[in-house]
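Note: the block below is upload-v4.cif and it holds mmCIF, C-alpha atoms.
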data_entry
#
loop_
_atom_site.label_atom_id
_atom_site.label_comp_id
_atom_site.auth_asym_id
_atom_site.auth_seq_id
_atom_site.Cartn_x
_atom_site.Cartn_y
_atom_site.Cartn_z
CA MET A 269 211.85 118.33 64.18
CA VAL A 270 213.98 116.54 61.61
CA SER A 271 215.73 118.83 59.16
CA PRO A 272 213.92 118.73 55.80
CA ASP A 273 217.18 117.92 54.01
CA PHE A 274 218.20 115.15 56.41
CA SER A 275 217.57 112.35 53.91
CA SER A 276 219.32 114.01 50.99
CA LEU A 277 222.95 113.22 50.23
CA GLN A 278 225.03 115.60 48.16
CA PRO A 279 228.77 115.60 47.38
CA GLN A 280 229.29 118.37 49.94
CA ASP A 281 228.10 115.90 52.59
CA TYR A 282 230.64 113.19 51.76
CA GLY A 283 233.29 114.50 54.13
CA LEU A 284 231.10 114.18 57.22
CA LEU A 285 229.56 110.86 56.18
CA THR A 286 231.98 108.84 58.24
CA ASP A 287 232.51 107.41 61.70
CA LEU A 288 233.73 109.77 64.39
CA TYR A 289 236.90 107.82 65.01
CA GLN A 290 238.15 108.58 61.51
CA PHE A 291 238.34 112.24 62.53
CA THR A 292 239.74 111.60 66.00
CA MET A 293 242.46 109.37 64.57
CA ALA A 294 243.28 111.95 61.90
CA ALA A 295 243.57 114.65 64.56
CA CYS A 296 245.88 112.40 66.59
CA TYR A 297 248.04 111.67 63.54
CA VAL A 298 248.38 115.41 62.96
CA GLY A 299 249.21 116.10 66.57
CA GLU A 300 251.94 113.47 66.50
CA GLY A 301 253.34 114.68 63.19
CA LEU A 302 252.41 111.46 61.37
CA GLU A 303 249.69 112.70 59.06
CA ASN A 304 251.76 112.57 55.86
CA GLN A 305 253.41 109.22 56.45
CA PRO A 306 252.78 107.10 53.32
CA ALA A 307 250.22 104.43 54.23
CA ALA A 308 248.52 101.54 52.47
CA PHE A 309 245.13 100.18 53.48
CA GLU A 310 243.41 97.19 51.89
CA LEU A 311 239.72 96.33 51.77
CA PHE A 312 238.94 92.61 51.94
CA VAL A 313 236.67 90.04 53.59
CA ARG A 314 237.99 87.59 56.15
CA ARG A 315 235.49 84.88 55.26
CA LEU A 316 232.72 84.31 52.74
CA PRO A 317 229.06 84.25 53.78
CA THR A 318 227.54 80.85 54.48
CA ASP A 319 227.32 78.64 51.38
CA TYR A 320 229.02 81.23 49.17
CA GLY A 321 231.84 79.90 47.01
CA TYR A 322 232.89 83.35 45.77
CA LEU A 323 232.08 87.05 45.86
CA ILE A 324 231.59 89.42 42.93
CA ALA A 325 233.44 92.68 43.60
CA MET A 326 231.21 95.70 43.14
CA GLY A 327 231.14 99.34 44.25
CA LEU A 328 234.29 100.77 42.67
CA ALA A 329 232.47 103.37 40.57
CA GLN A 330 230.82 104.90 43.64
CA ALA A 331 234.10 104.70 45.56
CA VAL A 332 235.91 106.65 42.84
CA GLU A 333 233.14 109.23 42.65
CA TYR A 334 233.40 109.71 46.43
CA LEU A 335 237.16 110.12 46.36
CA GLN A 336 236.97 112.61 43.51
CA GLN A 337 234.34 114.69 45.33
CA LEU A 338 235.72 114.49 48.87
CA HIS A 339 236.01 117.92 50.49
CA PHE A 340 234.88 119.89 53.55
CA PRO A 341 232.85 123.07 52.97
CA PRO A 342 233.19 125.80 55.62
CA GLU A 343 229.76 125.00 57.07
CA ALA A 344 230.78 121.35 57.54
CA LEU A 345 233.91 122.34 59.43
CA GLN A 346 231.94 124.79 61.54
CA ALA A 347 229.44 122.09 62.48
CA LEU A 348 232.31 119.78 63.40
CA ARG A 349 233.89 122.49 65.57
CA GLU A 350 230.63 123.13 67.37
CA THR A 351 230.50 119.56 68.67
CA GLY A 352 233.25 120.54 71.11
CA ILE A 353 234.92 117.16 70.62
CA PHE A 354 237.92 118.64 68.85
CA ALA A 355 238.66 121.51 71.21
CA GLU A 356 242.20 120.24 71.79
CA ALA A 357 242.90 119.24 68.21
CA PRO A 358 245.82 121.08 66.58
CA GLN A 359 245.08 123.92 64.19
CA ARG A 360 246.77 122.05 61.36
CA PHE A 361 244.01 119.43 61.59
CA TRP A 362 241.49 122.08 60.56
CA GLU A 363 243.78 123.40 57.85
CA LEU A 364 244.14 119.95 56.34
CA LEU A 365 240.37 119.42 56.29
CA ALA A 366 239.75 122.85 54.77
CA SER A 367 242.10 122.13 51.86
CA CYS A 368 241.30 118.42 51.57
CA ARG A 369 241.41 116.85 48.15
CA PHE A 370 242.15 113.14 47.88
CA GLU A 371 245.70 112.80 46.57
CA GLY A 372 246.35 109.09 46.87
CA ASP A 373 246.72 106.10 44.57
CA VAL A 374 244.01 103.46 44.26
CA TRP A 375 244.40 99.87 43.09
CA ALA A 376 241.35 97.66 42.63
CA VAL A 377 240.08 94.53 40.96
CA PRO A 378 237.68 95.40 38.11
CA GLU A 379 234.03 95.42 39.08
CA GLY A 380 232.47 92.07 38.32
CA THR A 381 235.58 90.08 39.26
CA ALA A 382 235.17 86.96 41.39
CA VAL A 383 237.18 87.28 44.61
CA PHE A 384 237.74 85.16 47.70
CA ALA A 385 238.51 85.50 51.40
CA ASN A 386 241.54 87.63 52.34
CA GLU A 387 241.97 88.90 48.80
CA PRO A 388 242.01 92.71 48.51
CA LEU A 389 239.20 94.18 46.43
CA LEU A 390 240.81 97.60 46.80
CA ARG A 391 244.03 99.18 48.05
CA VAL A 392 244.43 102.84 48.95
CA GLU A 393 247.94 104.28 49.10
CA ALA A 394 247.85 107.82 50.44
CA PRO A 395 249.04 110.09 53.26
CA LEU A 396 248.02 108.37 56.48
CA TRP A 397 245.32 110.81 57.51
CA GLN A 398 243.57 110.62 54.13
CA ALA A 399 243.85 106.85 53.77
CA GLN A 400 242.31 106.53 57.24
CA LEU A 401 239.55 109.07 56.69
CA VAL A 402 237.99 107.36 53.65
CA GLU A 403 237.45 103.96 55.32
CA THR A 404 233.77 104.25 56.24
CA TYR A 405 232.40 105.28 52.87
CA LEU A 406 234.51 102.76 50.98
CA LEU A 407 233.28 99.93 53.18
CA THR A 408 229.68 101.06 52.77
CA THR A 409 229.70 101.00 48.99
CA PHE A 410 231.79 97.84 48.61
CA ASN A 411 230.10 95.76 51.31
CA TYR A 412 226.55 96.37 50.13
CA GLN A 413 227.07 96.32 46.38
CA THR A 414 229.31 93.25 46.58
CA LEU A 415 226.57 91.45 48.52
CA ILE A 416 223.91 92.33 45.93
CA ALA A 417 226.16 91.59 42.96
CA THR A 418 227.09 88.20 44.37
CA LYS A 419 223.48 87.24 45.03
CA ALA A 420 222.54 88.46 41.54
CA ALA A 421 225.34 86.42 39.97
CA ARG A 422 224.20 83.32 41.86
CA MET A 423 220.64 83.90 40.67
CA ARG A 424 221.81 84.31 37.08
CA ASP A 425 223.77 81.08 37.39
CA ALA A 426 220.72 79.32 38.83
CA ALA A 427 218.29 80.66 36.20
CA GLY A 428 220.51 80.14 33.17
CA ASP A 429 221.43 82.71 30.55
CA GLU A 430 218.09 82.71 28.73
CA ALA A 431 215.81 83.66 31.64
CA ILE A 432 214.82 87.26 32.27
CA LEU A 433 215.75 88.52 35.74
CA LEU A 434 214.03 91.64 37.06
CA GLU A 435 215.14 93.53 40.15
CA PHE A 436 212.10 94.44 42.30
CA GLY A 437 213.85 95.18 45.58
CA THR A 438 213.64 98.94 46.16
CA ARG A 439 210.80 98.68 48.70
CA ARG A 440 212.82 96.19 50.74
CA ALA A 441 216.24 97.85 50.48
CA PHE A 442 217.70 99.34 53.63
CA SER A 443 217.33 102.94 52.44
CA PRO A 444 216.45 104.92 49.31
CA GLN A 445 220.15 105.17 48.42
CA ALA A 446 220.55 101.45 49.04
CA GLY A 447 217.72 100.90 46.57
CA LEU A 448 219.74 102.72 43.91
CA TRP A 449 222.91 100.83 44.70
CA ALA A 450 221.09 97.49 44.76
CA ALA A 451 219.57 98.14 41.35
CA ARG A 452 222.96 99.03 39.90
CA ALA A 453 224.72 96.04 41.42
CA ALA A 454 222.02 93.64 40.22
CA LEU A 455 222.21 94.95 36.66
CA ALA A 456 226.00 94.84 36.76
CA ALA A 457 225.93 91.19 37.79
CA GLY A 458 223.50 89.86 35.23
CA PHE A 459 219.96 91.11 35.81
CA ASN A 460 218.09 92.40 32.77
CA ALA A 461 216.20 95.33 34.25
CA THR A 462 215.08 97.08 37.42
CA SER A 463 211.72 98.47 38.49
CA ASN A 464 213.48 101.41 40.20
CA VAL A 465 212.70 104.24 37.80
CA LEU A 466 215.36 106.64 39.08
CA ALA A 467 218.06 103.98 39.03
CA ALA A 468 217.09 102.84 35.54
CA LEU A 469 217.09 106.33 34.08
CA LYS A 470 220.36 107.31 35.78
CA LEU A 471 221.89 104.14 34.36
CA ARG A 472 220.35 104.83 30.93
CA ARG A 473 218.20 101.74 31.12
CA LYS A 474 214.51 101.20 30.54
CA PRO A 475 212.66 100.48 33.80
CA ALA A 476 210.60 97.28 33.92
CA GLY A 477 207.61 96.23 35.96
CA THR A 478 204.07 95.01 35.83
CA MET A 479 201.18 96.00 38.09
CA ALA A 480 200.13 95.56 41.72
CA HIS A 481 197.24 93.68 43.26
CA SER A 482 195.80 97.01 44.42
CA LEU A 483 194.95 98.04 40.85
CA VAL A 484 193.02 94.84 40.28
CA MET A 485 191.20 95.13 43.62
CA ALA A 486 190.38 98.81 43.19
CA ILE A 487 188.93 98.53 39.69
CA ALA A 488 187.15 95.25 40.44
CA ALA A 489 185.53 96.69 43.56
CA LEU A 490 184.41 99.89 41.87
CA SER A 491 183.10 98.15 38.76
CA GLY A 492 181.25 95.47 40.69
CA GLY A 493 182.96 92.72 38.72
CA ASP A 494 186.09 90.61 38.60
CA GLU A 495 189.56 91.32 37.31
CA THR A 496 188.48 91.45 33.65
CA ARG A 497 187.78 95.16 33.81
CA ALA A 498 191.13 95.83 35.50
CA PHE A 499 193.03 93.88 32.87
CA GLN A 500 191.19 95.65 30.07
CA ALA A 501 191.88 99.06 31.60
CA PHE A 502 195.56 98.41 32.12
CA ARG A 503 196.08 97.05 28.62
CA ARG A 504 194.25 100.03 27.17
CA TYR A 505 197.19 102.22 28.20
CA PHE A 506 199.94 99.57 28.19
CA PRO A 507 199.10 97.11 25.38
CA GLN A 508 202.16 94.91 25.89
CA ALA A 509 201.78 94.84 29.65
CA VAL A 510 202.41 91.79 31.80
CA LEU A 511 199.26 91.09 33.82
CA LEU A 512 199.30 90.02 37.48
CA ILE A 513 196.85 87.12 37.55
CA ASP A 514 196.80 85.80 41.13
CA THR A 515 194.87 88.51 42.99
CA TYR A 516 191.96 86.06 43.21
CA ASP A 517 192.21 82.78 41.29
CA PRO A 518 195.33 82.45 39.11
CA ILE A 519 193.73 79.89 36.79
CA GLN A 520 190.74 82.10 36.13
CA GLY A 521 193.11 85.03 35.82
CA ALA A 522 195.04 83.14 33.17
CA ARG A 523 191.84 82.42 31.24
CA THR A 524 190.87 86.10 31.37
CA ALA A 525 194.34 87.15 30.23
CA ALA A 526 194.28 84.56 27.42
CA GLN A 527 191.00 85.98 26.09
CA LEU A 528 192.44 89.48 26.06
CA PHE A 529 195.62 88.32 24.36
CA ALA A 530 193.61 86.47 21.71
CA ALA A 531 191.60 89.62 21.01
CA THR A 532 194.69 91.83 20.65
CA GLN A 533 194.86 93.51 17.26
CA PRO A 534 198.09 93.43 15.20
CA ASP A 535 198.50 97.20 15.48
CA GLN A 536 198.56 96.85 19.27
CA LEU A 537 201.59 94.58 19.28
CA GLY A 538 205.04 95.86 20.07
CA SER A 539 207.88 96.11 17.58
CA ARG A 540 208.80 92.48 18.32
CA GLY A 541 205.24 91.22 18.04
CA GLU A 542 204.78 90.94 21.80
CA ILE A 543 201.30 90.04 23.00
CA GLY A 544 202.08 90.51 26.67
CA GLY A 545 202.45 87.97 29.41
CA VAL A 546 201.40 87.14 32.94
CA ARG A 547 202.97 87.17 36.37
CA ILE A 548 202.24 84.78 39.22
CA ASP A 549 203.19 86.11 42.66
CA SER A 550 202.11 83.32 45.01
CA GLY A 551 201.31 79.62 45.35
CA ASP A 552 203.15 76.62 43.97
CA LEU A 553 204.97 78.37 41.15
CA GLU A 554 206.07 75.20 39.41
CA VAL A 555 202.57 73.71 39.24
CA LEU A 556 200.83 77.00 38.48
CA SER A 557 203.28 77.94 35.74
CA ARG A 558 202.52 74.68 33.92
CA GLN A 559 198.77 75.11 34.29
CA VAL A 560 198.85 78.74 33.23
CA LYS A 561 201.18 78.13 30.29
CA ALA A 562 198.72 75.55 28.93
CA ILE A 563 195.95 78.16 28.97
CA LEU A 564 197.81 81.08 27.37
CA PRO A 565 198.27 81.58 23.62
CA GLN A 566 201.53 80.32 22.20
CA GLY A 567 204.37 82.74 22.85
CA ALA A 568 202.83 84.44 25.88
CA PRO A 569 205.49 84.35 28.60
CA VAL A 570 204.98 83.44 32.25
CA PHE A 571 206.86 85.41 34.89
CA VAL A 572 206.98 84.54 38.57
CA SER A 573 207.80 86.44 41.75
CA GLY A 574 207.22 86.20 45.48
CA ASP A 575 210.14 85.87 47.92
CA LEU A 576 212.35 84.17 45.38
CA ASP A 577 216.00 83.44 46.05
CA GLU A 578 218.70 81.59 44.14
CA TYR A 579 217.72 78.26 45.68
CA GLU A 580 214.09 78.48 44.55
CA ILE A 581 215.13 79.80 41.13
CA GLU A 582 217.49 76.85 40.73
CA ARG A 583 214.73 74.41 41.74
CA LEU A 584 212.27 75.90 39.26
CA HIS A 585 214.87 75.95 36.49
CA ARG A 586 215.84 72.33 37.07
CA SER A 587 212.19 71.29 37.06
CA GLN A 588 211.94 72.76 33.54
CA ALA A 589 208.91 74.75 34.58
CA PRO A 590 207.77 76.95 31.65
CA ILE A 591 208.95 80.18 33.26
CA SER A 592 210.42 82.96 31.12
CA GLY A 593 211.58 85.22 33.92
CA TYR A 594 211.81 85.95 37.61
CA GLY A 595 211.07 89.10 39.58
CA VAL A 596 213.26 89.19 42.68
CA GLY A 597 213.07 91.66 45.56
CA THR A 598 213.49 91.01 49.27
CA ARG A 599 215.92 88.12 49.09
CA LEU A 600 218.11 89.92 46.60
CA VAL A 601 218.54 93.21 48.45
CA THR A 602 218.73 91.78 52.00
CA GLY A 603 220.49 88.84 53.61
CA GLU A 604 223.67 87.89 55.41
CA GLY A 605 226.08 90.74 54.99
CA VAL A 606 229.46 90.83 53.33
CA ASN A 607 231.67 91.67 56.29
CA GLY A 608 234.39 93.55 54.47
CA VAL A 609 237.11 95.23 56.50
CA TYR A 610 239.63 97.97 55.71
CA LYS A 611 243.00 97.48 57.37
CA LEU A 612 246.39 99.14 57.44
CA VAL A 613 248.92 96.85 55.74
CA GLU A 614 251.94 99.13 55.33
CA ILE A 615 253.20 102.39 56.85
CA ASN A 616 256.23 104.23 55.46
CA GLY A 617 257.27 101.06 53.65
CA ILE A 618 256.99 98.89 56.78
CA PRO A 619 254.57 95.93 56.47
CA VAL A 620 252.13 95.76 59.39
CA ALA A 621 249.43 93.32 60.41
CA LYS A 622 246.79 92.78 63.05
CA ALA A 623 247.64 89.72 65.16
CA SER A 624 244.57 89.39 67.41
CA PHE A 625 242.91 86.00 67.62
CA ALA A 626 240.43 85.25 64.79
CA LYS A 627 241.04 88.68 63.27
CA ALA A 628 244.64 88.41 62.16
CA THR A 629 245.54 90.04 58.87
CA LEU A 630 248.29 89.55 56.31
CA PRO A 631 251.01 92.23 56.23
CA GLY A 632 252.16 94.20 53.24
CA ARG A 633 250.67 95.49 50.00
CA LYS A 634 249.34 92.57 48.00
CA GLN A 635 248.48 91.44 44.50
CA ILE A 636 246.11 88.65 43.47
CA PHE A 637 247.51 86.34 40.82
CA ARG A 638 244.78 84.23 39.22
CA GLY A 639 245.63 80.92 37.65
CA PRO A 640 243.49 78.29 35.95
CA GLU A 641 243.14 76.19 39.10
CA GLY A 642 243.59 78.64 41.96
CA ASP A 643 244.87 82.00 43.16
CA LEU A 644 248.26 83.03 44.46
CA LEU A 645 248.21 85.93 46.91
CA GLY A 646 251.54 87.67 46.53
CA HIS A 647 253.36 90.87 47.34
CA ALA A 648 252.34 93.87 45.24
CA ASP A 649 255.84 94.22 43.80
CA GLU A 650 256.06 90.62 42.58
CA THR A 651 255.82 89.75 38.91
CA SER A 652 253.15 87.33 37.75
CA PRO A 653 254.17 83.68 37.81
CA PRO A 654 253.83 81.93 34.44
CA GLY A 655 250.20 81.17 33.67
CA TYR A 656 248.85 83.64 36.26
CA GLU A 657 247.12 86.99 35.72
CA PRO A 658 247.38 89.95 38.15
CA LEU A 659 243.91 91.18 39.11
CA LEU A 660 244.53 94.43 40.99
CA ARG A 661 244.98 97.35 38.61
CA GLN A 662 245.87 100.94 39.32
CA ILE A 663 242.73 103.04 39.02
CA MET A 664 243.82 106.43 40.41
CA ARG A 665 247.20 108.15 40.67
CA ARG A 666 247.56 111.14 43.00
CA GLY A 667 243.81 111.45 43.15
CA VAL A 668 243.30 111.45 39.38
CA LEU A 669 241.35 108.72 37.58
CA LEU A 670 243.70 107.15 35.05
CA GLU A 671 241.05 106.10 32.54
CA PRO A 672 237.25 105.92 32.35
CA LEU A 673 235.73 103.01 34.25
CA PRO A 674 233.80 100.34 32.28
CA ASP A 675 230.11 100.86 31.63
CA LEU A 676 227.38 98.66 33.08
CA GLU A 677 227.21 96.32 30.09
CA ALA A 678 230.96 95.67 30.23
CA ILE A 679 230.80 95.02 33.98
CA ALA A 680 227.93 92.57 33.45
CA ARG A 681 230.01 90.68 30.88
CA THR A 682 232.93 90.58 33.31
CA SER A 683 230.66 89.28 36.07
CA ARG A 684 229.28 86.43 34.00
CA ALA A 685 232.66 85.49 32.57
CA SER A 686 234.20 85.50 36.06
CA VAL A 687 231.60 83.04 37.29
CA LEU A 688 231.77 80.81 34.23
CA ARG A 689 235.53 80.45 34.64
CA LEU A 690 235.05 78.89 38.08
CA PRO A 691 234.65 75.13 38.43
CA PRO A 692 231.07 73.87 38.93
CA GLY A 693 231.89 72.80 42.47
CA VAL A 694 232.85 76.36 43.46
CA ARG A 695 229.68 77.72 41.83
CA GLN A 696 227.23 75.31 43.46
CA LEU A 697 224.75 77.01 45.78
CA ARG A 698 225.11 74.71 48.77
CA GLN A 699 228.37 73.62 50.36
CA PRO A 700 230.53 74.88 47.49
CA ASP A 701 234.04 73.61 47.03
CA PRO A 702 236.72 76.08 48.13
CA TRP A 703 238.74 77.85 45.47
CA PRO A 704 242.41 77.36 46.32
CA VAL A 705 244.19 80.52 47.52
CA ALA A 706 247.85 80.14 48.50
CA LEU A 707 250.49 82.63 49.60
CA SER A 708 253.47 83.24 47.36
CA PRO A 709 256.88 82.47 48.89
CA ALA A 710 257.64 86.20 49.03
CA LEU A 711 254.44 87.04 50.90
CA GLN A 712 254.94 84.04 53.17
CA GLN A 713 258.36 85.43 54.12
CA VAL A 714 256.85 88.85 54.88
CA LYS A 715 254.23 87.15 57.06
CA GLU A 716 256.83 85.11 58.95
CA ARG A 717 259.05 88.14 59.56
CA GLN A 718 256.06 90.09 60.84
CA LEU A 719 254.97 87.30 63.17
CA GLY A 720 258.49 86.91 64.39
CA SER A 721 258.68 90.60 65.31
CA SER A 722 255.23 90.80 66.95
#
What does this structure look like when you write it as structure tokens?
Amino acid sequence: MVSPDFSSLQPQDYGLLTDLYQFTMAACYVGEGLENQPAAFELFVRRLPTDYGYLIAMGLAQAVEYLQQLHFPPEALQALRETGIFAEAPQRFWELLASCRFEGDVWAVPEGTAVFANEPLLRVEAPLWQAQLVETYLLTTFNYQTLIATKAARMRDAAGDEAILLEFGTRRAFSPQAGLWAARAALAAGFNATSNVLAALKLRRKPAGTMAHSLVMAIAALSGGDETRAFQAFRRYFPQAVLLIDTYDPIQGARTAAQLFAATQPDQLGSRGEIGGVRIDSGDLEVLSRQVKAILPQGAPVFVSGDLDEYEIERLHRSQAPISGYGVGTRLVTGEGVNGVYKLVEINGIPVAKASFAKATLPGRKQIFRGPEGDLLGHADETSPPGYEPLLRQIMRRGVLLEPLPDLEAIARTSRASVLRLPPGVRQLRQPDPWPVALSPALQQVKERQLGSS
């Protein structure tokens, strides 16, 4: 029988939410007397997903919350002991876990920043055993939220700034927690609202949604009629509701909705005079939106949904279809993953790198310098060249957050501004132009010395 609390995740669980080899490596470091060697790890992607010209960094807030809460309650350590795997581990390994509080420094690009291959989104500088131990959770939050934020930013770019974008993906997300993270990342990268009630309320947002086909079918079947009764019932309790009109015939649904809108009394309108709108979830959305818009009263918006992605949104936007907003689910919260990695780049001041074929890394702690026409990837201790801006900022010192992180609205502004600063060719959805990323002379020298010694 599955434990009833298996699906819950509390801060006391963070310590064990990792891959086994993080613990086995930590135990080995302790046994060899290396656990407190100063280490630097960087989180980055080796290559962008297919047809992506950029990524939007996301997940720092959850990473910081994890690092602040990381600890090992006695029951967690007991459970780990009972596996028998660590029977030969030194006693100091258990002492370190029992007193664990993250005490490292963290550098990161602000959430919402456009980044490119081999550029660090995050750097952790901490005692070796701690810097190693936090890898799994950091990759989880950054990989998934960066994927969602990037897709959301591409959809915002495709739809334009005036369209309403609604996140409908919770039912297709990879887990309940992923549903929360996806909603946050979408809002932080330009979406207007989410249908995930818990996510919206936790983020101090108003949830948004319409209705399902099941309501129309249930009421129509029980009343012996068509969707008119269902629409009337729903608007009785939600007068400004958006009606789903394609359960049967979307054109007839539009006519029914138009009659109800026309009969709406002034005292039933919202504070902005809203009369409601309709949503189309299937069919040729471009053709149907034009037909439906011609039927509805002036000012009644048309929303569309149904397996939308950035490519279809761009097509509809370019066609000038009379669509006010898009509800996006499956193709926002799923897709080709962001294959971020977390690699050791320095140990006790010594730059290190992985040299294996196709997975080689760049040695040393790094800084991203952004210029108007490209990036310079340099050593962390370099000063910014004229006209370039350093992107990685220190977020935590000795485990303490230096200043409050930006709120969701500020991150959304950063996301949009980051995209708008890129050339159109880098932003295009198919076969984007590469954004130039070069190594600084100092980092190039570190790389050559490392290769020469390997």
Fill in the blank from the handout: Among A:Phe354, A:Trp703, A:Tyr516, A:Tyr405, Gly551 in chain A is approached most closely, using all atoms listed in the file, by A:Tyr516
Problem - Explicit residue set for the PyMOL selection byres ((chain A and resi 314) around 6), as a ChimeraX atom specification - result: /A:313,315,385-386
Completion exercise
From the list A:Gly617, A:Pro631, A:Pro654, A:Gly380, the nearest residue to Ala325 in chain A using all atoms listed in the file is A:Gly380
Exercise for the section: Excluding Ser592 in chain A and any residue of its chain fewer than 4 positions from it, enumerate the residues within 6 Å of it, using all atoms listed in the file, and give them as a list of chain:residue names. Expected result: A:Ala431, A:Pro569, A:Val570, A:Phe571
Selection: 10 Å around Met485 in chain A, all atoms listed in the file, excl. self and same-chain fewer than 4 positions, as a JSON list (two decimals) with C-alpha atoms, keeping the file's coordinate frame:
[["chain", "number", "residue", "atom", "x", "y", "z"],
["A", 480, "ALA", "CA", 200.13, 95.56, 41.72],
["A", 481, "HIS", "CA", 197.24, 93.68, 43.26],
["A", 489, "ALA", "CA", 185.53, 96.69, 43.56],
["A", 490, "LEU", "CA", 184.41, 99.89, 41.87],
["A", 491, "SER", "CA", 183.10, 98.15, 38.76],
["A", 493, "GLY", "CA", 182.96, 92.72, 38.72],
["A", 494, "ASP", "CA", 186.09, 90.61, 38.60],
["A", 495, "GLU", "CA", 189.56, 91.32, 37.31],
["A", 498, "ALA", "CA", 191.13, 95.83, 35.50],
["A", 515, "THR", "CA", 194.87, 88.51, 42.99],
["A", 516, "TYR", "CA", 191.96, 86.06, 43.21]]
Exercise for the section: Using the chain letters and numbering of this document, enumerate as a ChimeraX atom specification the residues selected by the PyMOL selection byres ((chain A and resi 633) around 6). Expected result: /A:632,634,647-648
Using the atoms already present, construct all heavy atoms for range 570-575 of chain A and hand them back as an mmCIF file, in the coordinates of the input.
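Dumped everything to rebuild-v2.cif:
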data_model
loop_
_atom_site.group_PDB
_atom_site.id
_atom_site.type_symbol
_atom_site.label_atom_id
_atom_site.label_comp_id
_atom_site.auth_asym_id
_atom_site.auth_seq_id
_atom_site.Cartn_x
_atom_site.Cartn_y
_atom_site.Cartn_z
ATOM 1 N N VAL A 570 205.388 83.508 30.852
ATOM 2 C CA VAL A 570 204.980 83.440 32.250
ATOM 3 C C VAL A 570 206.146 83.912 33.111
ATOM 4 O O VAL A 570 207.262 83.382 33.011
ATOM 5 C CB VAL A 570 204.594 82.001 32.653
ATOM 6 C CG1 VAL A 570 204.283 81.932 34.147
ATOM 7 C CG2 VAL A 570 203.416 81.509 31.830
ATOM 8 N N PHE A 571 205.887 84.916 33.936
ATOM 9 C CA PHE A 571 206.860 85.410 34.890
ATOM 10 C C PHE A 571 206.394 85.054 36.297
ATOM 11 O O PHE A 571 205.189 84.971 36.552
ATOM 12 C CB PHE A 571 207.033 86.927 34.779
ATOM 13 C CG PHE A 571 207.606 87.378 33.462
ATOM 14 C CD1 PHE A 571 206.774 87.634 32.381
ATOM 15 C CD2 PHE A 571 208.966 87.545 33.302
ATOM 16 C CE1 PHE A 571 207.291 88.043 31.161
ATOM 17 C CE2 PHE A 571 209.504 87.950 32.087
ATOM 18 C CZ PHE A 571 208.659 88.199 31.016
ATOM 19 N N VAL A 572 207.339 84.862 37.193
ATOM 20 C CA VAL A 572 206.980 84.540 38.570
ATOM 21 C C VAL A 572 207.742 85.458 39.521
ATOM 22 O O VAL A 572 208.821 85.971 39.198
ATOM 23 C CB VAL A 572 207.262 83.061 38.909
ATOM 24 C CG1 VAL A 572 206.415 82.140 38.049
ATOM 25 C CG2 VAL A 572 208.737 82.729 38.768
ATOM 26 N N SER A 573 207.172 85.639 40.701
ATOM 27 C CA SER A 573 207.800 86.440 41.750
ATOM 28 C C SER A 573 207.258 85.951 43.081
ATOM 29 O O SER A 573 206.450 85.036 43.138
ATOM 30 C CB SER A 573 207.501 87.937 41.537
ATOM 31 O OG SER A 573 206.101 88.168 41.521
ATOM 32 N N GLY A 574 207.714 86.573 44.173
ATOM 33 C CA GLY A 574 207.220 86.200 45.480
ATOM 34 C C GLY A 574 208.285 85.548 46.346
ATOM 35 O O GLY A 574 208.389 84.322 46.409
ATOM 36 N N ASP A 575 209.105 86.364 47.001
ATOM 37 C CA ASP A 575 210.140 85.870 47.920
ATOM 38 C C ASP A 575 211.064 84.841 47.290
ATOM 39 O O ASP A 575 211.439 83.845 47.915
ATOM 40 C CB ASP A 575 209.497 85.292 49.190
ATOM 41 C CG ASP A 575 208.864 86.376 50.064
ATOM 42 O OD1 ASP A 575 209.374 87.512 50.034
ATOM 43 O OD2 ASP A 575 207.880 86.083 50.748
#
